[in-house]
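Comments concern the structure below.
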Amino acid sequence: MPAKSQDARLKALEQRLGYAFNDPALAHEALTHGSVLDGGKKRRSYDRLEFLGDRVLGFIIADRLLREHQHEDEGELAPRFNALVNRQACARAARAACLGEAVMLSSSEDSSGGRRKEAILADLCESIIAALYLDGGIEAARAFVTRFWGDAFDEVRTAPRDAKTALQEWAAARRVGLSYAVVEQSGPEHAPLFVIEARLDGFPPSRGEGNSKREAQRAAAAAFLTAQGEHD
């Protein structure tokens, strides 16, 4: 991808974000997918920034939840946090910010729909949050989360029910055996991706994915409950 095109994509993104990067190189790194690298060390993909962005996002979300729900304990805050800090939530924010239009992909990844892939969008969201934090401090990152998470905070004002707990209760009420199985594991050590199946006796398995086994189990449980018309 020509440098001019990269600069044009970044300028358009800055206009959407309402933020101009002091260090454009940092922003370019945040938007570089591993597929465009040639193995050299002069350029980096967004993996390192994604690692940081995950932690910055967690802090911003946890801080806001503590402020908005001052009388709730950890057990009540955790489901809200999990609903706001997961792959689906990050991908949703990335779509709202049109990050897919700015990412630098190889031609093959681009032609296979990489700009719309949930995993890439979620990673981009975290890498951009990290870049904003490093370039403009926590308030720059917080402004992004506040804007592009949008109504998601309102949606969790009533604590969402944990899908894994809901499925366990559903299975117990029907005396159906329930188990989870890892069917795939990929990604770097600092950001693994698990694909897990929720298996219930007499029912087709449902799959979910996440950066931890627990997150993937919740996604699989939610997928099963949705298929049964039991979960939003």
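Identifiers in this document derive from the order of the structure tokens: chains are assigned A, B, ..., residues are numbered from 1 separately in each chain, and ligands are numbered from 1 in order of occurrence.
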For this session: Please give the complete set of residues from chain A that DSSP, run on the backbone, assigns to strand (DSSP E or B), formatted as a PyMOL selection string.
Result: chain A and resi 32+104+178-186+193-200+206-210
- Would you mind writing down, as a VMD selection string, each residue of range 25-120 of chain A that DSSP on the backbone assigns to alpha helix (DSSP H)? chain A and resid 25 to 30 47 to 68 74 to 84 87 to 96 107 to 111 118 to 120
Exercise for the section: Just the residues within 10 Å of Ser108 in chain A, please, counting only C-alpha atoms, with nothing from its chain fewer than 4 positions along; format it as a ChimeraX atom specification. Expected result: /A:35-36,112-114
Produce a file of the selected residues containing all heavy atoms, as a PDB file, in the first residue's frame.
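Listed below is the output, selection_9.pdb:
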ATOM      1  N   SER A  35      -0.165  -9.241   8.310  1.00  0.00           N
ATOM      2  CA  SER A  35      -0.114  -9.788   6.951  1.00  0.00           C
ATOM      3  C   SER A  35       0.680  -8.918   5.981  1.00  0.00           C
ATOM      4  O   SER A  35       1.107  -9.400   4.924  1.00  0.00           O
ATOM      5  CB  SER A  35      -1.540  -9.987   6.410  1.00  0.00           C
ATOM      6  OG  SER A  35      -2.211  -8.740   6.278  1.00  0.00           O
ATOM      7  N   VAL A  36       0.897  -7.634   6.305  1.00  0.00           N
ATOM      8  CA  VAL A  36       1.605  -6.756   5.371  1.00  0.00           C
ATOM      9  C   VAL A  36       3.102  -6.708   5.634  1.00  0.00           C
ATOM     10  O   VAL A  36       3.844  -6.104   4.864  1.00  0.00           O
ATOM     11  CB  VAL A  36       1.044  -5.308   5.409  1.00  0.00           C
ATOM     12  CG1 VAL A  36      -0.426  -5.290   5.076  1.00  0.00           C
ATOM     13  CG2 VAL A  36       1.309  -4.658   6.759  1.00  0.00           C
ATOM     14  N   SER A 112     -10.078 -11.209   1.150  1.00  0.00           N
ATOM     15  CA  SER A 112     -10.854 -12.230   1.861  1.00  0.00           C
ATOM     16  C   SER A 112     -11.783 -11.624   2.909  1.00  0.00           C
ATOM     17  O   SER A 112     -12.361 -12.336   3.729  1.00  0.00           O
ATOM     18  CB  SER A 112      -9.917 -13.244   2.531  1.00  0.00           C
ATOM     19  OG  SER A 112      -9.180 -12.651   3.591  1.00  0.00           O
ATOM     20  N   GLY A 113     -11.913 -10.296   2.895  1.00  0.00           N
ATOM     21  CA  GLY A 113     -12.840  -9.627   3.808  1.00  0.00           C
ATOM     22  C   GLY A 113     -12.255  -9.270   5.147  1.00  0.00           C
ATOM     23  O   GLY A 113     -12.990  -9.103   6.129  1.00  0.00           O
ATOM     24  N   GLY A 114     -10.923  -9.114   5.202  1.00  0.00           N
ATOM     25  CA  GLY A 114     -10.260  -8.828   6.476  1.00  0.00           C
ATOM     26  C   GLY A 114     -10.753  -7.579   7.176  1.00  0.00           C
ATOM     27  O   GLY A 114     -10.769  -7.526   8.405  1.00  0.00           O
TER      28      GLY A 114
END
Which of A:Asp135, A:Asp151, A:Glu184, A:Asp73 sits closest to Ile196 in chain A [using only C-alpha atoms]: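 Using only C-alpha atoms, the shortest distance to Ile196 in chain A belongs to A:Glu184.
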Which residues are close to Ala221 in chain A, i.e. within 7 Å by only C-alpha atoms, leaving aside same-chain residues fewer than 2 positions away? Reply as a list in words.
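That gives Ala163, Lys164, Leu167, Ala198, Gln217, Arg218, Ala219, Ala223, Phe224 and Leu225 of chain A.
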